[in-house]
$ cat protein25.tsv   # TSV, C-alpha atoms
chain	number	residue	atom	x	y	z
W	1	MET	CA	-58.28	-23.56	-18.58
W	2	ASN	CA	-56.90	-26.93	-17.49
W	3	GLU	CA	-56.61	-26.85	-13.71
W	4	GLN	CA	-54.34	-29.91	-13.57
W	5	LEU	CA	-51.88	-28.43	-16.06
W	6	HIS	CA	-51.92	-25.11	-14.22
W	7	ALA	CA	-51.15	-26.87	-10.95
W	8	LEU	CA	-48.28	-28.81	-12.58
W	9	VAL	CA	-46.75	-25.67	-14.07
W	10	GLU	CA	-47.05	-23.66	-10.86
W	11	ARG	CA	-45.53	-26.51	-8.83
W	12	THR	CA	-42.63	-26.89	-11.26
W	13	VAL	CA	-41.90	-23.16	-11.26
W	14	ALA	CA	-42.04	-23.05	-7.46
W	15	GLN	CA	-39.44	-25.83	-7.30
W	16	GLY	CA	-37.07	-23.75	-9.44
W	17	VAL	CA	-36.44	-24.72	-13.06
W	18	GLY	CA	-33.45	-22.47	-13.75
W	19	ALA	CA	-34.69	-21.50	-17.22
W	20	ARG	CA	-37.27	-19.23	-18.71
W	21	VAL	CA	-38.46	-21.95	-21.12
W	22	PHE	CA	-38.65	-25.52	-19.84
W	23	PRO	CA	-40.18	-28.82	-21.02
W	24	LEU	CA	-42.87	-30.89	-19.31
W	25	ARG	CA	-44.61	-34.18	-20.06
W	26	TRP	CA	-48.31	-33.62	-20.43
W	27	ASP	CA	-51.06	-35.68	-22.02
W	28	ASN	CA	-48.49	-38.24	-23.25
W	29	ARG	CA	-46.35	-35.71	-25.09
W	30	ARG	CA	-43.68	-33.10	-24.49
W	31	ILE	CA	-44.81	-29.51	-24.14
W	32	TRP	CA	-42.87	-26.33	-23.44
W	33	VAL	CA	-43.70	-23.73	-20.82
W	34	LYS	CA	-42.56	-20.18	-21.50
W	35	GLN	CA	-42.50	-17.74	-18.60
W	36	ALA	CA	-43.03	-13.98	-18.78
W	37	VAL	CA	-40.06	-11.64	-18.55
W	38	PRO	CA	-39.84	-7.83	-18.29
W	39	ALA	CA	-39.74	-5.75	-21.46
W	40	LYS	CA	-36.29	-5.40	-23.05
W	41	HIS	CA	-36.38	-1.71	-24.00
W	42	LYS	CA	-32.85	-0.37	-24.49
W	43	VAL	CA	-31.23	2.85	-25.67
W	44	TRP	CA	-30.67	1.22	-29.06
W	45	HIS	CA	-34.43	0.97	-29.56
W	46	SER	CA	-34.73	4.75	-29.21
W	47	VAL	CA	-31.99	5.15	-31.79
W	48	GLN	CA	-33.88	2.82	-34.13
W	49	ARG	CA	-37.08	4.81	-33.69
W	50	PHE	CA	-35.22	8.06	-34.43
W	51	ALA	CA	-33.61	6.57	-37.55
W	52	ALA	CA	-36.97	5.32	-38.80
W	53	ASN	CA	-38.52	8.78	-38.38
W	54	ILE	CA	-35.61	10.57	-40.07
W	55	THR	CA	-35.27	8.20	-43.04
W	56	GLY	CA	-38.96	7.41	-43.48
W	57	ILE	CA	-38.15	3.68	-43.54
W	58	PRO	CA	-40.70	1.81	-41.36
W	59	LEU	CA	-38.68	-1.41	-41.14
W	60	LEU	CA	-36.16	0.39	-38.93
W	61	ARG	CA	-38.77	0.78	-36.18
W	62	PRO	CA	-38.04	-1.24	-33.00
W	63	THR	CA	-40.28	-4.25	-32.45
W	64	VAL	CA	-39.29	-5.17	-28.90
W	65	SER	CA	-41.77	-7.33	-26.98
W	66	PRO	CA	-43.95	-5.48	-24.43
W	67	GLY	CA	-42.88	-8.12	-21.91
W	68	GLY	CA	-44.83	-9.53	-18.98
W	69	GLN	CA	-48.23	-11.11	-19.37
W	70	LYS	CA	-49.06	-8.72	-22.20
W	71	GLY	CA	-46.13	-10.04	-24.22
W	72	LEU	CA	-47.18	-13.65	-23.70
W	73	GLU	CA	-50.78	-12.92	-24.64
W	74	SER	CA	-49.54	-11.21	-27.80
W	75	GLU	CA	-47.52	-14.30	-28.69
W	76	ALA	CA	-50.50	-16.55	-27.98
W	77	THR	CA	-52.64	-14.45	-30.33
W	78	THR	CA	-49.99	-14.70	-33.04
W	79	LEU	CA	-49.75	-18.48	-32.65
W	80	ARG	CA	-53.51	-18.84	-33.06
W	81	LYS	CA	-53.50	-16.62	-36.15
W	82	LEU	CA	-50.60	-18.39	-37.85
W	83	ALA	CA	-51.96	-21.85	-37.06
W	84	ALA	CA	-55.25	-20.85	-38.69
W	85	LEU	CA	-53.28	-19.83	-41.79
W	86	GLY	CA	-51.57	-23.21	-41.94
W	87	VAL	CA	-48.14	-21.98	-40.84
W	88	LEU	CA	-46.15	-24.66	-39.01
W	89	VAL	CA	-46.06	-23.25	-35.48
W	90	PRO	CA	-46.45	-24.91	-32.05
W	91	ASP	CA	-50.01	-25.50	-30.97
W	92	LEU	CA	-51.12	-23.37	-28.04
W	93	VAL	CA	-51.86	-25.77	-25.18
W	94	ASP	CA	-52.85	-23.29	-22.48
W	95	VAL	CA	-52.30	-19.77	-21.17
W	96	GLY	CA	-51.71	-19.15	-17.49
W	97	GLU	CA	-50.76	-16.21	-15.32
W	98	ASN	CA	-47.25	-15.22	-16.44
W	99	TRP	CA	-46.76	-18.27	-18.68
W	100	ILE	CA	-47.97	-20.04	-21.79
W	101	ALA	CA	-47.72	-23.74	-22.67
W	102	ILE	CA	-47.07	-24.76	-26.28
W	103	GLY	CA	-46.57	-28.02	-28.12
W	104	ASP	CA	-43.25	-29.29	-29.43
W	105	ASN	CA	-42.46	-28.07	-32.94
W	106	GLY	CA	-39.33	-30.11	-33.67
W	107	ARG	CA	-35.57	-29.68	-33.23
W	108	ILE	CA	-33.97	-26.24	-33.45
W	109	LEU	CA	-32.79	-25.80	-37.05
W	110	LYS	CA	-29.56	-24.08	-36.03
W	111	THR	CA	-28.61	-27.09	-33.90
W	112	CYS	CA	-29.49	-29.51	-36.71
W	113	ILE	CA	-27.24	-27.65	-39.14
W	114	GLU	CA	-24.40	-27.49	-36.61
W	115	ASP	CA	-24.64	-31.26	-36.13
W	116	ASP	CA	-24.45	-31.80	-39.88
W	117	VAL	CA	-21.48	-29.43	-40.13
W	118	ASP	CA	-19.65	-31.58	-37.58
W	119	LYS	CA	-20.50	-34.69	-39.60
W	120	GLY	CA	-19.53	-33.08	-42.91
W	121	ASN	CA	-23.00	-33.64	-44.44
W	122	ASP	CA	-22.75	-30.78	-46.95
W	123	ASP	CA	-25.76	-31.79	-49.04
W	124	THR	CA	-27.98	-31.97	-45.94
W	125	ILE	CA	-26.70	-28.62	-44.67
W	126	ARG	CA	-27.56	-26.91	-47.94
W	127	ARG	CA	-30.98	-28.56	-48.08
W	128	HIS	CA	-31.83	-27.31	-44.60
W	129	VAL	CA	-30.88	-23.73	-45.49
W	130	VAL	CA	-32.75	-23.86	-48.80
W	131	ASP	CA	-35.84	-25.27	-47.09
W	132	ALA	CA	-35.63	-22.49	-44.48
W	133	GLY	CA	-35.58	-19.79	-47.15
W	134	ALA	CA	-38.54	-21.34	-48.94
W	135	ALA	CA	-40.46	-21.73	-45.65
W	136	LEU	CA	-39.98	-18.05	-44.79
W	137	ALA	CA	-41.24	-17.09	-48.25
W	138	ARG	CA	-44.35	-19.24	-47.71
W	139	LEU	CA	-44.97	-17.59	-44.35
W	140	HIS	CA	-44.74	-14.20	-46.05
W	141	GLY	CA	-47.09	-15.47	-48.73
W	142	GLU	CA	-49.77	-15.68	-46.05
W	143	GLY	CA	-49.55	-11.91	-45.58
W	144	VAL	CA	-47.69	-11.88	-42.25
W	145	ALA	CA	-44.16	-11.46	-40.92
W	146	HIS	CA	-42.32	-13.40	-38.23
W	147	GLY	CA	-40.35	-10.69	-36.43
W	148	ALA	CA	-37.19	-12.67	-35.73
W	149	PRO	CA	-36.76	-15.48	-38.31
W	150	LEU	CA	-33.30	-16.51	-37.15
W	151	LEU	CA	-32.08	-20.07	-37.59
W	152	ARG	CA	-32.50	-20.58	-33.85
W	153	ASN	CA	-36.17	-19.60	-34.17
W	154	MET	CA	-36.85	-22.18	-36.89
W	155	THR	CA	-37.41	-25.87	-36.29
W	156	LEU	CA	-36.97	-29.10	-38.20
W	157	ARG	CA	-40.02	-31.24	-37.63
W	158	ASP	CA	-40.27	-35.03	-37.74
W	159	ASP	CA	-41.79	-34.79	-41.22
W	160	HIS	CA	-38.66	-32.82	-42.35
W	161	GLN	CA	-40.65	-29.62	-42.78
W	162	ILE	CA	-39.46	-26.27	-41.42
W	163	GLY	CA	-41.50	-24.76	-38.59
W	164	PHE	CA	-41.29	-21.50	-36.64
W	165	ILE	CA	-41.12	-20.58	-32.96
W	166	ASP	CA	-40.66	-17.47	-30.80
W	167	PHE	CA	-43.19	-14.79	-31.71
W	168	GLU	CA	-42.60	-12.33	-28.89
W	169	GLU	CA	-42.03	-9.46	-31.31
W	170	ASP	CA	-44.95	-8.36	-33.45
W	171	PRO	CA	-43.72	-6.22	-36.34
W	172	ASN	CA	-47.09	-6.62	-38.07
W	173	ALA	CA	-48.59	-4.17	-35.56
W	174	ARG	CA	-45.81	-1.59	-35.91
W	175	MET	CA	-45.27	-1.21	-39.65
W	176	PRO	CA	-46.78	-2.12	-43.03
W	177	VAL	CA	-46.53	-5.86	-43.60
W	178	ILE	CA	-44.21	-5.59	-46.61
W	179	ASP	CA	-41.75	-3.58	-44.51
W	180	ALA	CA	-41.98	-6.15	-41.72
W	181	GLN	CA	-41.30	-8.89	-44.26
W	182	ALA	CA	-38.31	-6.98	-45.69
W	183	ARG	CA	-36.99	-6.74	-42.14
W	184	ASP	CA	-37.50	-10.50	-41.79
W	185	ILE	CA	-35.33	-11.07	-44.86
W	186	LEU	CA	-32.51	-8.96	-43.47
W	187	LEU	CA	-32.59	-10.83	-40.16
W	188	PHE	CA	-32.76	-14.23	-41.89
W	189	VAL	CA	-29.74	-13.72	-44.17
W	190	PHE	CA	-27.77	-12.10	-41.36
W	191	SER	CA	-28.53	-15.11	-39.16
W	192	ILE	CA	-27.09	-17.48	-41.78
W	193	GLN	CA	-23.98	-15.35	-42.18
W	194	ARG	CA	-23.51	-14.95	-38.43
W	195	GLU	CA	-23.80	-18.63	-37.62
W	196	PHE	CA	-21.86	-19.98	-40.60
W	197	LYS	CA	-19.52	-17.15	-41.58
W	198	LYS	CA	-17.04	-19.51	-43.24
W	199	ARG	CA	-19.75	-20.88	-45.53
W	200	PRO	CA	-20.79	-17.96	-47.78
W	201	GLU	CA	-22.46	-20.39	-50.16
W	202	LEU	CA	-25.08	-21.07	-47.47
W	203	LEU	CA	-26.01	-17.38	-47.33
W	204	ARG	CA	-26.44	-17.31	-51.11
W	205	ALA	CA	-28.42	-20.56	-51.09
W	206	GLY	CA	-30.84	-19.36	-48.41
W	207	TRP	CA	-31.40	-16.02	-50.11
W	208	GLN	CA	-31.84	-17.55	-53.57
W	209	ALA	CA	-34.32	-20.09	-52.20
W	210	TYR	CA	-36.35	-17.26	-50.68
W	211	VAL	CA	-36.47	-15.29	-53.93
W	212	LYS	CA	-37.36	-18.39	-55.95
W	213	ALA	CA	-40.27	-19.19	-53.64
W	214	ALA	CA	-41.49	-15.61	-53.15
W	215	GLY	CA	-40.91	-14.43	-56.73
W	216	GLU	CA	-38.62	-11.68	-58.00
W	217	THR	CA	-41.56	-9.26	-58.10
W	218	ALA	CA	-42.64	-9.91	-54.50
W	219	PRO	CA	-43.79	-6.59	-52.96
W	220	GLN	CA	-41.57	-6.99	-49.88
W	221	LEU	CA	-38.49	-6.69	-52.09
W	222	VAL	CA	-39.37	-3.04	-52.78
W	223	PRO	CA	-38.68	-1.74	-49.25
W	224	LEU	CA	-35.73	-4.16	-49.06
W	225	ARG	CA	-34.14	-2.50	-52.10
W	226	LYS	CA	-34.78	0.90	-50.53
W	227	VAL	CA	-32.93	0.09	-47.32
W	228	ILE	CA	-30.09	-1.62	-49.22
W	229	ARG	CA	-29.70	1.54	-51.29
W	230	LEU	CA	-29.73	3.66	-48.14
W	231	LEU	CA	-27.01	1.54	-46.53
W	232	ARG	CA	-24.60	1.75	-49.47
W	233	PRO	CA	-22.70	4.82	-48.13
W	234	VAL	CA	-22.28	3.04	-44.79
W	235	TYR	CA	-20.95	-0.05	-46.59
W	236	LEU	CA	-18.48	1.99	-48.66
W	237	MET	CA	-17.30	3.83	-45.55
W	238	LEU	CA	-16.72	0.66	-43.53
W	239	ARG	CA	-15.27	-1.58	-46.23
W	240	PRO	CA	-11.69	-0.16	-46.08
W	241	PHE	CA	-11.62	-0.80	-42.33
W	242	ARG	CA	-13.03	-4.33	-42.38
W	243	ARG	CA	-9.89	-5.90	-40.87
W	244	TRP	CA	-10.50	-3.85	-37.71
W	245	LEU	CA	-14.27	-4.34	-37.50
W	246	GLY	CA	-16.04	-6.56	-34.99
W	247	THR	CA	-17.62	-9.86	-35.97
W	248	ASP	CA	-21.20	-8.60	-36.28
W	249	ALA	CA	-20.12	-5.64	-38.42
W	250	LEU	CA	-18.19	-7.94	-40.75
W	251	ASN	CA	-21.13	-10.33	-41.01
W	252	GLY	CA	-23.35	-7.37	-41.82
W	253	LEU	CA	-21.02	-6.32	-44.64
W	254	TRP	CA	-21.02	-9.79	-46.16
W	255	ALA	CA	-24.80	-10.11	-45.93
W	256	TYR	CA	-25.24	-6.63	-47.40
W	257	ARG	CA	-22.95	-7.42	-50.34
W	258	THR	CA	-24.84	-10.59	-51.20
W	259	LEU	CA	-28.21	-8.85	-51.15
W	260	ARG	CA	-27.02	-5.87	-53.15
W	261	LYS	CA	-25.46	-7.99	-55.88
W	262	SER	CA	-28.68	-9.93	-56.24
W	263	LEU	CA	-31.14	-7.04	-56.00
W	264	TYR	CA	-29.25	-4.72	-58.36
W	265	ARG	CA	-27.72	-7.15	-60.83

$ encode --input "protein25.tsv" --output "structure tokens"
Amino acid sequence: MNEQLHALVERTVAQGVGARVFPLRWDNRRIWVKQAVPAKHKVWHSVQRFAANITGIPLLRPTVSPGGQKGLESEATTLRKLAALGVLVPDLVDVGENWIAIGDNGRILKTCIEDDVDKGNDDTIRRHVVDAGAALARLHGEGVAHGAPLLRNMTLRDDHQIGFIDFEEDPNARMPVIDAQARDILLFVFSIQREFKKRPELLRAGWQAYVKAAGETAPQLVPLRKVIRLLRPVYLMLRPFRRWLGTDALNGLWAYRTLRKSLYR
């Protein structure tokens, strides 16, 4: 425990920072302090749990963070484990009461891509998405899952490598790892579609990069195929009504179609 850092964090929080996660200068570098929040259990999580029990598909189980100090300690444990495996995650600087301090892991990938979209840098945009897909496959290759590998939870480091942040959810403790990794894939491709819905080629590029890096016989593709097969009736039922569907439902349909065409070609 670093008493000086603890005093700095506590003083900053007492002054009011207006954000759950905030930056500080410490030891001649920028670090980030993440404060504890209550658990986010909702009715939807009970529905997920029921669906997982009925269908026998573990990846449908809810993976909501336990919240509070327990949630932060869980994230700290995950960061230590992934760092030991060589995954590009923030270094854990310190753990306090109701907060953790982590190192800077680069710019948020989603923001980087948005900036390049504004500039019209199509080649750079595609490279970022391809690199993200390959990075997720490498993380899975270490025998773990992320839990929420959205573009906003990936970073672009100074060395142009893709890193990962935000490990509040721990699917590895709630389901077999290949199911957790299949869930990661669904969240990753949906994130691309949701953020860049007018660029379907980015969804295909990210997915293809993942498969190329992981291999077409990767074990996590087995439960992924199972859930894609299960969702087909839902897709067929919703497709005729797509002009009346909400944005997330439409993005889900597009992501589903891309995965199905690839997995069952």

$ atom_distance --input "protein25.tsv" --atom1 "atom CA of Asp27 of chain W" --atom2 "atom CA of Leu79 of chain W"
20.3 Å

$ atom_distance --input "protein25.tsv" --atom1 "atom CA of Asp166 of chain W" --atom2 "atom CA of Leu186 of chain W"
17.3 Å

$ closest_residue --input "protein25.tsv" --among "W:Glu201, W:Asp122, W:Asp91, W:Asp159" --to "Arg107 of chain W" --atoms "only C-alpha atoms"
W:Asp159

$ residues_near_point --input "protein25.tsv" --point "(-26.3, -21.4, -47.8)" --cutoff "9 Å" --atoms "only C-alpha atoms" --output "list of chain:residue names"
W:Ile125, W:Arg126, W:Arg127, W:His128, W:Val129, W:Val130, W:Ile192, W:Gln193, W:Phe196, W:Arg199, W:Pro200, W:Glu201, W:Leu202, W:Leu203, W:Arg204, W:Ala205, W:Gly206, W:Trp207, W:Gln208

$ closest_residue --input "protein25.tsv" --among "W:Arg239, W:Lys34, W:Arg152, W:Arg194" --to "Cys112 of chain W" --atoms "only C-alpha atoms"
W:Arg152

$ closest_residue --input "protein25.tsv" --among "W:Ala101, W:Ala145, W:Ala83, W:Ile178" --to "Arg225 of chain W" --atoms "all atoms listed in the file"
W:Ile178

$ atom_distance --input "protein25.tsv" --atom1 "atom CA of Leu8 of chain W" --atom2 "atom CA of Phe167 of chain W"
24.3 Å

$ residues_around --input "protein25.tsv" --residues "Pro149 of chain W" --least-positions-apart "2" --cutoff "9 Å" --atoms "all atoms listed in the file" --output "VMD selection string"
chain W and resid 136 145 to 147 151 to 154 164 to 166 184 to 185 187 to 188 191

$ closest_residue --input "protein25.tsv" --among "W:Arg257, W:His140, W:Arg229, W:Lys70" --to "Trp99 of chain W" --atoms "only C-alpha atoms"
W:Lys70

$ residues_near_point --input "protein25.tsv" --point "(-53.8, -24.6, -45.4)" --cutoff "12 Å" --atoms "only C-alpha atoms" --output "list in words"
Leu82, Ala83, Ala84, Leu85, Gly86, Val87, Leu88, Arg138, Leu139, Gly141 and Glu142 of chain W
